[in-house]
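Asker: Okay, handing you the structure first.
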Amino acid sequence: ADHFASAEVEEKQETMSGAREDLEKAWIARRMQLDQCLELQLFYRDCEQAENWMSNRESFLHSDDVDSKEEKIEMMIKKHEDFDKAIGNQEEKIESLQTYADQLIAAEHYAVGDIEDKKKEVMERWAKLKEALIQKRAELGESQTLQQFSRDAEEIETWMLEKLQLAQEENYKDPANIQSKHQKHQAFEAELAANADRIQMVLAMGQNLIDRKKCSGSEEAVQDRLQKISEQWQLLEQKTSEKSMKLKEANRQRTFIAAVKDLDFWLGEVEALLTTDELGKDLSSVQNLMKKHQLVEADIIAHEDRINDMNTQAESLIEPGQFDSDDIRDKRDGITKRYKHIQDLAAHRQSLLNERNTLQQFFRDIADEESWIKEKKLLVTSNDYGRDLTGVQNLKKKHKRFENELASHEPAIQSVHETGQHLIQSSQHGGPGEIEARLKQLSDVWEELKEMSSTRRNKLEESIIYQQFLTNIEEEEAWISEKQQLLTVPDLGDNMAAVQGLIKKHDAFEGDISVHGERCTDICDQGQELIAGKNHHAEAIAARCEQLRNKMFNLGELATVRKANLKDNADYLCFMWKADVVESWIADKEAHVKSDEYGRDLSSVQTLLTKQETFDIGLKAFETEGIQNITELKNKLINSNHIQAQSINKKYSAVIARWNQLLADSSAREQKLLQVQDQFRQIEELYLTFAKKASAFNSWFENAEEDMTDPVRCNSIEEIRSLREAHAQFQASLSSAHADFDALAQLDKQIKSFNVGANPYTWFTMEALSDTWRNLQSIIKQRDAELAQEEVRQEDNDKLRREFAKHANNCYQWLTDTRQQMMEGSGTLEEQLAYIGIKAHEVSGKGADLKNIEDIGAVLEEKLILDNRYTEHSNVGLNQQWDQLNQLGMRIRHNLEQQIQARNQSGVSEDALKEFSMMFRHFDREKTGRLDHNAFKSCLRALGYDLPMVEEPEPEFEEILNIVDPNRDGFVTLQEYMAFMISKETENVQSSEEIENAFRAITAQERDYVTKEELYSNLSKEMADYCIARMKPYVDPKTSQPITGALDYMEFTRTLFS
């Protein structure tokens, strides 16, 4: 509007706007100032609270002086432990106050100087408070240690005074219960040894207090106390050792006196045993005394060690001179002298007992030998010389053992004689006349025993000869009696086998008669020798010999008669057996010629004719061998006037009659077989012709039926068209098959006119072939319909194949192109990451196309279309390719993120990461996003790794595989590969401390900051640029001001590893 004061209004508005802006700025400034005032007051309040708390604690620390009393010290230590906990709780408040002050200073508060001074004052006071607390706690600990030393020293001094009184007691002078006293003292010494470490610990504690000057000014008193404890301990050990020696000496003296008493009593007993005059009245009593004396001697020898021990104890008691040495020496000498005396007495008594034992043993030996000789006389005076050969032989064996016993016993007799002569010559023994008389009596009875033994031996030998003669005669007579019974048996055998067995036995028996005849002659000659030797059995021997000769003669006569009877019976049975054999053979052949079997066909008739010819040849051969043999045998028996001549003639006539009838029947059967053969030859030709044509027709039909009934299931249009052409050709060839069928019908009619059975050369019949021909006509019609239906189905299937192939090929080409584009990877890492994200979105959207292809594939599978010549791809393969591409996108995206993180945090350059990625893509020729082990090794070699190209496992490469492919699945993915290469680039950096040490090493004087010049001079340009871009300016902690050109590598390192 055109107001007259528009200019003034605008000016006023501008003035108002400016004033409003100034007011708003002033208001904001005022609000900020008030906020800062509030913050400052809050800070002062917190500082005041902290100072008040510290004032209370400072007064507490200054008011408590260290007291020397133990109870007071422990109470003060408990207070300071509570104070420590309060300090810990307050620490958080102080840190919060300090943080709050730093925030106010960082926010450029208007009272920055006052806040800084107040914070510094509070923190200094806080530090002093903690130092005072630590110092106070140390003073309390020293006082506690000193009090502990005083208490331990008092306990040790009291204990040593008690033990010193026990060590100074002289109870060893009383010999009563000295062993018990010694044992108590040993326990006392063990108690001292157990407390030695405790005393040394007290001494070490006191010396430690002196060395550290922690005795509160009483170092000399502590030193004197330590000296007193040490001297008192040495005195206690000395008195204990002296008392131990005294107790040991008293114990040894008690042991010596007891040993002397025991030995004195034992010596008295032994002396009484050795001084007796009893030496024994016979051998038994002497031997008992010797056994007792041996026990005494063993006891004396056993006490020798006790005597030696007693002497040793005496010497140990005499040498120190602290006891009654003279009394101990007298006792020792007395015991030693008495022991020597009983040794001499023992030797003397042993000599007397040995002499008495020798004499008594001699008389005992003579009595034993006389008793033995008397016992043996009873054996040799027996009149028993045996009743048979076995008894005599047993008696002779017993006598032989008896003679051997005499021979073995003769040295014992001789030993007794020698002992007697020795006793006679010895002047120490009394009664030599008695000894000589006993020896002469022993010699006489011994010679008499040997003479009686010789006489009995001769009589036993004569008895053996006589018993052997009787045994031989009885054996021969028993054999003759046995054979006589066999020869008188009327059985001559019922058949040829039995007769031949009896003849063989008789021949063997005649051989036995010859052998036993010679034996009988030898026995009779032996009997004559015994008679000539004037044997007292001469008459009995002569009678037995004559009886044996008569029995042997009668046995020979019986054997001759039985042999003749066996020969006649064998000839008769032989003829009858041969006649039976011939008659049996004829009966067997009669069944053949009377058979009604003339064959069912030509082959069987020819077989029967062949058998008939063989049969006729057998008849002629048997006539020569069988009939002529029995004829000759019959004539021989009849001419010899055999007792069975009538039976022989009757048997022969019956056999000849059956033989002639067999020849006539055989000739008639041969003529009949020849007639049947001609008829079957004509039928056979018709059979063969029909079989050949029927087989050929059936083979043609089976092939045609197999082709016609084969399921019409094709996989393409070409296949169904080929089947239709083949079917048309087959229908054209049916006319020739019909002519063959008519020819078969005519042959079947001729065969049936002969009224014969089924054709043996084929199982086909004309009826079956007619059914087959009619069935073929219906199969041909059905085949025509199936082929037409299949042709329509194959045309529909081909359309589906073309449609699926079109979509599948397009999808596969897109997947391949997309994979290649994703694996190429150009531009920066961020650009690559964005590109991969776009491609991953496109891959996800491709799922709809795959769904369409899967639907078409499902229709193909439903119609059982399993092959497609228009494409090599399948639903499963395309889905796998899509899944792999999707996973590849995720792996590449994760890998790029990993590279970006490595570039930003670990300092790996982007060029190095691109080189790693490019090298992986170069060896990933199939663009699968993974490498096998050989390709991975080639990639590492291309990157500069020194790995040999060998097939054998290589340790360095195996260690790398343990990192990238620990489960050994055979492949290394891009993600695993990049992680390994990044770790290798940064493997020398293990911790933030190592990086800090590295930066500190390149700085001058090892400062906490680094300059740009130092970075460029020690690092590559890329690494230096990376560090400079991320390092903050360094602020001096003392002045809180930044240093020009200084970079804070400490903060950079913490950020890098956070």
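Residues in the structure tokens are named by chain (A, B, ... in the order shown) and by number from 1 within that chain; ligands are numbered from 1 in the order shown.
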When you look at Leu164 in chain A with a cut-off of 8 Å (counting only C-alpha atoms), what residues show up, excluding the ones that are within fewer than 3 positions of it in the same chain? I need them as a PyMOL selection string.
Answerer: chain A and resi 160-161+167-168+235-236+239
Asker: Taking 4 positions as the minimum chain separation for residues in the same chain, which residues sit within 10 Å of Asp707 in chain A when counting only C-alpha atoms? Answer as an MDAnalysis selection string.
Answerer: chainID A and resid 701:703 711:712 723 726:727 730 783
Asker: Find the spatial neighbours of Ile105 in chain A, counting only C-alpha atoms, within a cut-off of 12 Å - ignore same-chain residues fewer than 3 positions away - and output them as an NGL selection string.
Answerer: :A and (36 or 39-40 or 43 or 98-102 or 108-119 or 1040)
Asker: Take the residues that were just selected and, keeping N, CA and C atoms, output them as a PDB file, in the first residue's frame.
Answerer:
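Output saved as again31.pdb:
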```
ATOM      1  N   GLN A  36      26.466 -20.733  33.696  1.00  0.00           N
ATOM      2  CA  GLN A  36      27.849 -20.918  34.119  1.00  0.00           C
ATOM      3  C   GLN A  36      28.003 -20.612  35.607  1.00  0.00           C
ATOM      4  N   GLU A  39      26.741 -23.629  37.416  1.00  0.00           N
ATOM      5  CA  GLU A  39      27.741 -24.692  37.344  1.00  0.00           C
ATOM      6  C   GLU A  39      28.909 -24.400  38.262  1.00  0.00           C
ATOM      7  N   LEU A  40      29.323 -23.089  38.337  1.00  0.00           N
ATOM      8  CA  LEU A  40      30.446 -22.722  39.198  1.00  0.00           C
ATOM      9  C   LEU A  40      30.088 -22.923  40.651  1.00  0.00           C
ATOM     10  N   PHE A  43      30.130 -26.537  41.462  1.00  0.00           N
ATOM     11  CA  PHE A  43      31.523 -26.997  41.570  1.00  0.00           C
ATOM     12  C   PHE A  43      32.099 -26.610  42.922  1.00  0.00           C
ATOM     13  N   GLN A  98      36.898 -33.926  39.579  1.00  0.00           N
ATOM     14  CA  GLN A  98      37.952 -33.570  38.622  1.00  0.00           C
ATOM     15  C   GLN A  98      37.397 -33.574  37.196  1.00  0.00           C
ATOM     16  N   THR A  99      36.588 -34.564  36.882  1.00  0.00           N
ATOM     17  CA  THR A  99      35.990 -34.622  35.531  1.00  0.00           C
ATOM     18  C   THR A  99      35.085 -33.414  35.287  1.00  0.00           C
ATOM     19  N   TYR A 100      34.318 -33.084  36.300  1.00  0.00           N
ATOM     20  CA  TYR A 100      33.412 -31.930  36.174  1.00  0.00           C
ATOM     21  C   TYR A 100      34.197 -30.644  35.925  1.00  0.00           C
ATOM     22  N   ALA A 101      35.311 -30.481  36.666  1.00  0.00           N
ATOM     23  CA  ALA A 101      36.154 -29.289  36.472  1.00  0.00           C
ATOM     24  C   ALA A 101      36.731 -29.268  35.068  1.00  0.00           C
ATOM     25  N   ASP A 102      37.175 -30.441  34.548  1.00  0.00           N
ATOM     26  CA  ASP A 102      37.741 -30.498  33.193  1.00  0.00           C
ATOM     27  C   ASP A 102      36.687 -30.133  32.159  1.00  0.00           C
ATOM     28  N   GLU A 108      35.129 -23.490  28.196  1.00  0.00           N
ATOM     29  CA  GLU A 108      35.588 -22.080  28.247  1.00  0.00           C
ATOM     30  C   GLU A 108      34.725 -21.266  29.188  1.00  0.00           C
ATOM     31  N   HIS A 109      34.611 -21.750  30.442  1.00  0.00           N
ATOM     32  CA  HIS A 109      33.862 -21.062  31.484  1.00  0.00           C
ATOM     33  C   HIS A 109      34.526 -19.706  31.775  1.00  0.00           C
ATOM     34  N   TYR A 110      33.726 -18.735  32.161  1.00  0.00           N
ATOM     35  CA  TYR A 110      34.282 -17.400  32.382  1.00  0.00           C
ATOM     36  C   TYR A 110      35.235 -17.387  33.568  1.00  0.00           C
ATOM     37  N   ALA A 111      35.078 -18.360  34.518  1.00  0.00           N
ATOM     38  CA  ALA A 111      35.978 -18.429  35.685  1.00  0.00           C
ATOM     39  C   ALA A 111      36.941 -19.601  35.546  1.00  0.00           C
ATOM     40  N   VAL A 112      37.533 -19.707  34.343  1.00  0.00           N
ATOM     41  CA  VAL A 112      38.436 -20.848  34.078  1.00  0.00           C
ATOM     42  C   VAL A 112      39.595 -20.856  35.046  1.00  0.00           C
ATOM     43  N   GLY A 113      40.182 -19.681  35.311  1.00  0.00           N
ATOM     44  CA  GLY A 113      41.346 -19.616  36.204  1.00  0.00           C
ATOM     45  C   GLY A 113      41.001 -20.064  37.610  1.00  0.00           C
ATOM     46  N   ASP A 114      39.872 -19.555  38.143  1.00  0.00           N
ATOM     47  CA  ASP A 114      39.486 -19.947  39.498  1.00  0.00           C
ATOM     48  C   ASP A 114      39.189 -21.434  39.591  1.00  0.00           C
ATOM     49  N   ILE A 115      38.500 -21.946  38.554  1.00  0.00           N
ATOM     50  CA  ILE A 115      38.175 -23.383  38.573  1.00  0.00           C
ATOM     51  C   ILE A 115      39.456 -24.217  38.548  1.00  0.00           C
ATOM     52  N   GLU A 116      40.397 -23.791  37.685  1.00  0.00           N
ATOM     53  CA  GLU A 116      41.664 -24.535  37.576  1.00  0.00           C
ATOM     54  C   GLU A 116      42.400 -24.506  38.902  1.00  0.00           C
ATOM     55  N   ASP A 117      42.446 -23.327  39.561  1.00  0.00           N
ATOM     56  CA  ASP A 117      43.166 -23.244  40.845  1.00  0.00           C
ATOM     57  C   ASP A 117      42.485 -24.084  41.904  1.00  0.00           C
ATOM     58  N   LYS A 118      41.142 -23.982  41.947  1.00  0.00           N
ATOM     59  CA  LYS A 118      40.416 -24.753  42.961  1.00  0.00           C
ATOM     60  C   LYS A 118      40.608 -26.260  42.758  1.00  0.00           C
ATOM     61  N   LYS A 119      40.549 -26.715  41.495  1.00  0.00           N
ATOM     62  CA  LYS A 119      40.750 -28.143  41.211  1.00  0.00           C
ATOM     63  C   LYS A 119      42.139 -28.588  41.638  1.00  0.00           C
ATOM     64  N   SER A1040      48.654 -27.749  29.344  1.00  0.00           N
ATOM     65  CA  SER A1040      47.329 -27.865  28.708  1.00  0.00           C
ATOM     66  C   SER A1040      47.262 -27.052  27.427  1.00  0.00           C
TER      67      SER A1040
END
```
Asker: I'd like to know which residues of range 729-974 of chain A are strand (DSSP E or B) (by DSSP, run on the backbone); could you write them as an mmCIF file with all heavy atoms, in the first residue's frame?
Answerer:
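Okay, this is what ended up in out-v7.cif:
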```cif
data_model
loop_
_atom_site.group_PDB
_atom_site.id
_atom_site.type_symbol
_atom_site.label_atom_id
_atom_site.label_comp_id
_atom_site.auth_asym_id
_atom_site.auth_seq_id
_atom_site.Cartn_x
_atom_site.Cartn_y
_atom_site.Cartn_z
ATOM 1 N N ARG A 930 35.991 -68.645 -5.458
ATOM 2 C CA ARG A 930 36.844 -69.477 -4.608
ATOM 3 C C ARG A 930 37.932 -70.126 -5.465
ATOM 4 O O ARG A 930 37.762 -70.284 -6.684
ATOM 5 C CB ARG A 930 36.033 -70.563 -3.895
ATOM 6 C CG ARG A 930 35.326 -71.514 -4.819
ATOM 7 C CD ARG A 930 34.532 -72.523 -4.037
ATOM 8 N NE ARG A 930 33.955 -73.546 -4.921
ATOM 9 C CZ ARG A 930 33.231 -74.584 -4.487
ATOM 10 N NH1 ARG A 930 33.013 -74.714 -3.195
ATOM 11 N NH2 ARG A 930 32.749 -75.474 -5.339
ATOM 12 N N LEU A 931 39.054 -70.510 -4.824
ATOM 13 C CA LEU A 931 40.202 -71.130 -5.502
ATOM 14 C C LEU A 931 40.466 -72.489 -4.876
ATOM 15 O O LEU A 931 40.331 -72.645 -3.661
ATOM 16 C CB LEU A 931 41.455 -70.258 -5.360
ATOM 17 C CG LEU A 931 41.385 -68.816 -5.905
ATOM 18 C CD1 LEU A 931 42.675 -68.098 -5.590
ATOM 19 C CD2 LEU A 931 41.126 -68.804 -7.417
ATOM 20 N N ASP A 932 40.856 -73.451 -5.721
ATOM 21 C CA ASP A 932 41.342 -74.704 -5.140
ATOM 22 C C ASP A 932 42.762 -74.496 -4.637
ATOM 23 O O ASP A 932 43.362 -73.422 -4.823
ATOM 24 C CB ASP A 932 41.255 -75.857 -6.158
ATOM 25 C CG ASP A 932 42.075 -75.598 -7.409
ATOM 26 O OD1 ASP A 932 43.011 -74.770 -7.358
ATOM 27 O OD2 ASP A 932 41.777 -76.219 -8.449
ATOM 28 N N PHE A 971 38.939 -75.787 -0.878
ATOM 29 C CA PHE A 971 38.788 -74.495 -1.546
ATOM 30 C C PHE A 971 39.084 -73.361 -0.561
ATOM 31 O O PHE A 971 38.946 -73.530 0.656
ATOM 32 C CB PHE A 971 37.374 -74.335 -2.100
ATOM 33 C CG PHE A 971 37.036 -75.328 -3.185
ATOM 34 C CD1 PHE A 971 36.324 -76.476 -2.873
ATOM 35 C CD2 PHE A 971 37.457 -75.131 -4.490
ATOM 36 C CE1 PHE A 971 36.022 -77.407 -3.849
ATOM 37 C CE2 PHE A 971 37.149 -76.061 -5.474
ATOM 38 C CZ PHE A 971 36.447 -77.194 -5.171
ATOM 39 N N VAL A 972 39.485 -72.202 -1.122
ATOM 40 C CA VAL A 972 39.733 -70.980 -0.352
ATOM 41 C C VAL A 972 38.843 -69.895 -0.955
ATOM 42 O O VAL A 972 38.985 -69.557 -2.140
ATOM 43 C CB VAL A 972 41.213 -70.576 -0.405
ATOM 44 C CG1 VAL A 972 41.425 -69.294 0.395
ATOM 45 C CG2 VAL A 972 42.092 -71.691 0.126
ATOM 46 N N THR A 973 37.921 -69.354 -0.161
ATOM 47 C CA THR A 973 37.011 -68.325 -0.658
ATOM 48 C C THR A 973 37.712 -66.971 -0.695
ATOM 49 O O THR A 973 38.797 -66.782 -0.107
ATOM 50 C CB THR A 973 35.762 -68.234 0.221
ATOM 51 O OG1 THR A 973 36.164 -67.835 1.547
ATOM 52 C CG2 THR A 973 35.077 -69.600 0.325
#
```
Asker: If I take CA of Tyr761 in chain A and CA of Tyr687 in chain A, how far is one from the other in Å, to one decimal?
Answerer: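 These atoms are spaced 6.8 Å apart.
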Asker: If you run DSSP over the backbone, which residues in range 715-868 of chain A end up helix (DSSP H, G or I)? Put them as a PyMOL selection string.
Answerer: chain A and resi 717-732+734-753+766-824+829-845+847-862
Asker: When you look at Val593 in chain A with a cut-off of 12 Å (counting only C-alpha atoms), what residues show up, excluding the ones that are within fewer than 4 positions of it in the same chain? I need them as a PyMOL selection string.
Answerer: chain A and resi 586-589+597-598+608-609+611-613+615-616+619+661-673
Asker: Using C-alpha atoms, can you export the residues from the last selection as a PDB file, in the first residue's frame?
Answerer:
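Okay, this is what ended up in out.pdb:
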```pdb
ATOM      1  CA  ILE A 586      19.829-167.888 -20.108  1.00  0.00           C
ATOM      2  CA  ALA A 587      16.979-166.691 -17.867  1.00  0.00           C
ATOM      3  CA  ASP A 588      18.280-163.129 -18.097  1.00  0.00           C
ATOM      4  CA  LYS A 589      18.398-163.260 -21.913  1.00  0.00           C
ATOM      5  CA  GLU A 597       8.932-153.268 -27.176  1.00  0.00           C
ATOM      6  CA  TYR A 598       9.560-152.642 -30.904  1.00  0.00           C
ATOM      7  CA  LEU A 608      16.728-151.951 -30.601  1.00  0.00           C
ATOM      8  CA  LEU A 609      18.214-153.513 -33.783  1.00  0.00           C
ATOM      9  CA  LYS A 611      21.012-154.147 -29.245  1.00  0.00           C
ATOM     10  CA  GLN A 612      19.677-157.296 -30.996  1.00  0.00           C
ATOM     11  CA  GLU A 613      22.861-157.675 -33.056  1.00  0.00           C
ATOM     12  CA  PHE A 615      22.679-159.887 -28.207  1.00  0.00           C
ATOM     13  CA  ASP A 616      23.267-162.456 -31.015  1.00  0.00           C
ATOM     14  CA  LEU A 619      24.901-165.844 -27.627  1.00  0.00           C
ATOM     15  CA  GLN A 661      14.633-172.286 -26.979  1.00  0.00           C
ATOM     16  CA  LEU A 662      16.583-169.037 -26.425  1.00  0.00           C
ATOM     17  CA  LEU A 663      18.235-169.283 -29.869  1.00  0.00           C
ATOM     18  CA  ALA A 664      14.829-169.666 -31.652  1.00  0.00           C
ATOM     19  CA  ASP A 665      13.225-166.665 -29.852  1.00  0.00           C
ATOM     20  CA  SER A 666      16.161-164.414 -30.693  1.00  0.00           C
ATOM     21  CA  SER A 667      15.860-165.098 -34.471  1.00  0.00           C
ATOM     22  CA  ALA A 668      12.100-164.305 -34.493  1.00  0.00           C
ATOM     23  CA  ARG A 669      12.576-160.917 -32.695  1.00  0.00           C
ATOM     24  CA  GLU A 670      15.173-159.771 -35.216  1.00  0.00           C
ATOM     25  CA  GLN A 671      12.757-160.245 -38.201  1.00  0.00           C
ATOM     26  CA  LYS A 672      10.000-158.240 -36.444  1.00  0.00           C
ATOM     27  CA  LEU A 673      12.322-155.252 -35.759  1.00  0.00           C
TER      28      LEU A 673
END
```
Asker: Could you pull the residues within 12 Å of Ala704 in chain A, counting only C-alpha atoms, minus those fewer than 4 positions along the same chain, as an NGL selection string?
Answerer: :A and (697-700 or 708-710 or 726-727 or 729-731 or 733-734 or 737 or 772-773 or 775-777 or 779-780 or 783)
Asker: Skip range 510-515 of chain A itself and residues of its chain fewer than 6 positions away, then list as a list in words all residues within 10 Å of it, counting only C-alpha atoms.
Answerer: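 Selected residues are Trp479, Ile480, Lys483, Met552, Leu555, Gly556, Ala559, Thr560 and Lys563 of chain A.
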Asker: May I ask which of the residues A:Asp330, A:Asp491, A:Asp742, A:Glu546 is the closest one to Asn565 in chain A, counting only C-alpha atoms?
Answerer: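 That would be A:Asp491, the residue with the smallest distance to Asn565 in chain A.
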Asker: Using CA of Ala768 in chain A and CA of Gln746 in chain A as the two end points, give the distance in Å to one decimal.
Answerer: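 Pair CA of Ala768 in chain A / CA of Gln746 in chain A returns 15.1 Å.
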Asker: Report, in Å with one decimal, the straight-line distance from CA of Asn288 in chain A to CA of Ala302 in chain A.
Answerer: 21.1 Å
